[in-house]
Amino acid sequence: MTLTIDTAFITAAPRALRAESDGLTPAEFHERYCDLAGPVKLGEWIPAGQRHASATYTATLEFNGHLRTVVSAGNPVAALTSALYDEGYPVEILQFHQRQTASGIATFVRCEVNGRRGWGAALADDGAESSVRAMLSGINSFAN
């Protein structure tokens with residue numbers, strides 16, 4: 001479940017993203033960095049078991065009309081990166097920043113795919129879900 005973006009979320013962002021987004025309202029920040037609209041969509045996100053390093057996560061992704069289920073035992077970022085490569089999105093994580101806020105776990109990711117770069121951000125109750133949502137937002141920010 002995604003949570004509401006507020007000023008505290010923006011304040012939790014890394015310095016480079018705060019500078020880039022200076023002057024944006026929380027709504028504008030959300031539209032620019034948190035929107036999941038694009039060629040890669042997250043359908044279902046299902047954490048199984050306890051939330052710790054060996055937890056299992058299942059994500060259903062949609063790539064331009066076809067579905068793919070990704071199961072991760074431990075690191076959902078690695079599993080998502082592998083799935084993205086397999087689907088023609090050779091993603092490189094340039095920066096990763098994650099902080100606990102009063103509203104949830106805030107994740108900020110700067111991604112590169114085929115020479116194009118973009119920031120993605122997400123806020124969720126779970127750090128793994130926040131990471132996956134931020135990665136997809138980063139990719140979708142320039143993949144349209």
# chains A, B, ... in the order shown; residues from 1 in each chain; ligands from 1

call {"tool": "residues_around", "arguments": {"residues": "stretch 68-72 of chain A", "least_positions_apart": "2", "cutoff": "7 Å", "atoms": "only C-alpha atoms", "output": "number ranges by chain"}}
result
A: 56-62, 66, 74-76, 79

call {"tool": "select_by_dssp", "arguments": {"residues": "chain A", "states": "strand (DSSP E or B)", "output": "PyMOL selection string"}}
result
chain A and resi 2+40-48+56-63+66-73+91-101+104-113+116-124

call {"tool": "closest_residue", "arguments": {"among": "A:Asn64, A:Ser137, A:Thr7, A:Ser130", "to": "A:Arg99", "atoms": "only C-alpha atoms"}}
result
A:Ser130

call {"tool": "atom_distance", "arguments": {"atom1": "atom CA of A:Ile93", "atom2": "atom CA of A:Arg117"}}
result
9.6 Å

call {"tool": "atom_distance", "arguments": {"atom1": "atom CA of A:Ser141", "atom2": "atom CA of A:Glu87"}}
result
17.3 Å

call {"tool": "closest_residue", "arguments": {"among": "A:Asp6, A:Ala12, A:Cys34, A:Gly43", "to": "A:Gln100", "atoms": "only C-alpha atoms"}}
result
A:Ala12

call {"tool": "closest_residue", "arguments": {"among": "A:Leu123, A:Ile10, A:Ala128, A:Leu136", "to": "A:Ala83", "atoms": "only C-alpha atoms"}}
result
A:Leu136

call {"tool": "closest_residue", "arguments": {"among": "A:Leu24, A:Ala19, A:Val91, A:Ala122", "to": "A:Ile139", "atoms": "only C-alpha atoms"}}
result
A:Val91
